[in-house]
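Visitor: Can you read through this structure? Questions will come right after.
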Amino acid sequence: MKYIQKNKQKNMEYQDKYDALVKLLTEEVEIDGKKYNLKDDFDKFFVKGNKTAGTRIRKMMQEVKKMSQEVRTDVQDYKSKI
């Protein structure tokens, strides 16, 4: 029973990481005390030419990379257990 409970808890942790990654890509998020919205910044940079928005995009993409690597590691760990 403890194994099942522990496994459910671990699965929720995986789901939480996935949800955070999706939120980063689709909603307004706060990073280092500042609010970012990827879609808005893409519009500001590529349509309006706002260079500062480009910096924000790069910062958010770095977060996406970091979170994606964590998810990849979790997938490998989980895969090796099944």
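We name chains A, B, ... following the order of the structure tokens; residues begin at 1 in each chain, and ligands are numbered from 1 as shown.
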List every residue of chain A that DSSP, applied to the backbone of this structure, assigns to helix (DSSP H, G or I), and report them as a ChimeraX atom specification.
Guide: /A:2-26,38-47,51-81
Visitor: Store the residues picked out above in a file with C-alpha atoms, as a PDB file, in the first residue's frame.
Guide:
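Generated file (result-v4.pdb):
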ATOM      1  CA  LYS A   2       2.853   2.397   0.799  1.00  0.00           C
ATOM      2  CA  TYR A   3       4.325   1.791  -2.669  1.00  0.00           C
ATOM      3  CA  ILE A   4       1.037   2.691  -4.364  1.00  0.00           C
ATOM      4  CA  GLN A   5       0.684   5.837  -2.275  1.00  0.00           C
ATOM      5  CA  LYS A   6       4.295   6.841  -2.953  1.00  0.00           C
ATOM      6  CA  ASN A   7       3.844   6.156  -6.680  1.00  0.00           C
ATOM      7  CA  LYS A   8       0.696   8.325  -6.801  1.00  0.00           C
ATOM      8  CA  GLN A   9       2.561  11.117  -5.049  1.00  0.00           C
ATOM      9  CA  LYS A  10       5.440  10.869  -7.548  1.00  0.00           C
ATOM     10  CA  ASN A  11       2.988  10.893 -10.466  1.00  0.00           C
ATOM     11  CA  MET A  12       1.454  14.105  -9.116  1.00  0.00           C
ATOM     12  CA  GLU A  13       4.926  15.630  -8.988  1.00  0.00           C
ATOM     13  CA  TYR A  14       5.396  14.759 -12.657  1.00  0.00           C
ATOM     14  CA  GLN A  15       1.998  16.250 -13.488  1.00  0.00           C
ATOM     15  CA  ASP A  16       2.858  19.416 -11.568  1.00  0.00           C
ATOM     16  CA  LYS A  17       6.051  19.860 -13.602  1.00  0.00           C
ATOM     17  CA  TYR A  18       4.125  19.338 -16.834  1.00  0.00           C
ATOM     18  CA  ASP A  19       1.461  21.841 -15.767  1.00  0.00           C
ATOM     19  CA  ALA A  20       4.135  24.417 -14.880  1.00  0.00           C
ATOM     20  CA  LEU A  21       5.730  23.976 -18.306  1.00  0.00           C
ATOM     21  CA  VAL A  22       2.396  24.418 -20.085  1.00  0.00           C
ATOM     22  CA  LYS A  23       1.631  27.482 -17.958  1.00  0.00           C
ATOM     23  CA  LEU A  24       4.993  29.019 -18.854  1.00  0.00           C
ATOM     24  CA  LEU A  25       4.174  28.671 -22.535  1.00  0.00           C
ATOM     25  CA  THR A  26       0.537  29.758 -22.447  1.00  0.00           C
ATOM     26  CA  LEU A  38       5.366  34.745 -23.992  1.00  0.00           C
ATOM     27  CA  LYS A  39       2.651  35.390 -26.579  1.00  0.00           C
ATOM     28  CA  ASP A  40       2.589  39.127 -25.875  1.00  0.00           C
ATOM     29  CA  ASP A  41       6.371  39.338 -25.999  1.00  0.00           C
ATOM     30  CA  PHE A  42       6.493  37.484 -29.324  1.00  0.00           C
ATOM     31  CA  ASP A  43       4.072  40.060 -30.737  1.00  0.00           C
ATOM     32  CA  LYS A  44       6.037  42.966 -29.283  1.00  0.00           C
ATOM     33  CA  PHE A  45       9.330  41.648 -30.624  1.00  0.00           C
ATOM     34  CA  PHE A  46       8.480  40.225 -34.047  1.00  0.00           C
ATOM     35  CA  VAL A  47       5.662  42.589 -35.046  1.00  0.00           C
ATOM     36  CA  LYS A  51      14.197  44.651 -28.543  1.00  0.00           C
ATOM     37  CA  THR A  52      13.507  44.386 -24.807  1.00  0.00           C
ATOM     38  CA  ALA A  53      10.748  41.883 -25.550  1.00  0.00           C
ATOM     39  CA  GLY A  54      13.381  39.784 -27.325  1.00  0.00           C
ATOM     40  CA  THR A  55      15.406  39.675 -24.113  1.00  0.00           C
ATOM     41  CA  ARG A  56      12.327  38.539 -22.205  1.00  0.00           C
ATOM     42  CA  ILE A  57      11.662  35.825 -24.794  1.00  0.00           C
ATOM     43  CA  ARG A  58      15.206  34.534 -24.425  1.00  0.00           C
ATOM     44  CA  LYS A  59      14.858  34.473 -20.636  1.00  0.00           C
ATOM     45  CA  MET A  60      11.599  32.548 -20.868  1.00  0.00           C
ATOM     46  CA  MET A  61      13.071  30.123 -23.389  1.00  0.00           C
ATOM     47  CA  GLN A  62      15.897  29.430 -20.946  1.00  0.00           C
ATOM     48  CA  GLU A  63      13.279  28.544 -18.323  1.00  0.00           C
ATOM     49  CA  VAL A  64      11.507  26.304 -20.858  1.00  0.00           C
ATOM     50  CA  LYS A  65      14.807  24.561 -21.580  1.00  0.00           C
ATOM     51  CA  LYS A  66      15.477  24.019 -17.877  1.00  0.00           C
ATOM     52  CA  MET A  67      11.989  22.706 -17.170  1.00  0.00           C
ATOM     53  CA  SER A  68      12.012  20.515 -20.289  1.00  0.00           C
ATOM     54  CA  GLN A  69      15.256  18.900 -19.179  1.00  0.00           C
ATOM     55  CA  GLU A  70      13.718  18.103 -15.785  1.00  0.00           C
ATOM     56  CA  VAL A  71      10.719  16.496 -17.494  1.00  0.00           C
ATOM     57  CA  ARG A  72      13.011  14.495 -19.792  1.00  0.00           C
ATOM     58  CA  THR A  73      14.953  13.225 -16.791  1.00  0.00           C
ATOM     59  CA  ASP A  74      11.736  12.279 -15.007  1.00  0.00           C
ATOM     60  CA  VAL A  75      10.517  10.394 -18.077  1.00  0.00           C
ATOM     61  CA  GLN A  76      13.757   8.419 -18.261  1.00  0.00           C
ATOM     62  CA  ASP A  77      13.644   7.613 -14.535  1.00  0.00           C
ATOM     63  CA  TYR A  78      10.007   6.537 -14.724  1.00  0.00           C
ATOM     64  CA  LYS A  79      10.606   4.520 -17.893  1.00  0.00           C
ATOM     65  CA  SER A  80      13.433   2.571 -16.261  1.00  0.00           C
ATOM     66  CA  LYS A  81      11.115   1.600 -13.385  1.00  0.00           C
TER      67      LYS A  81
END
Visitor: Can you list, as a count of residues only, every residue of chain A that DSSP puts in strand (DSSP E or B)?
Guide: 6
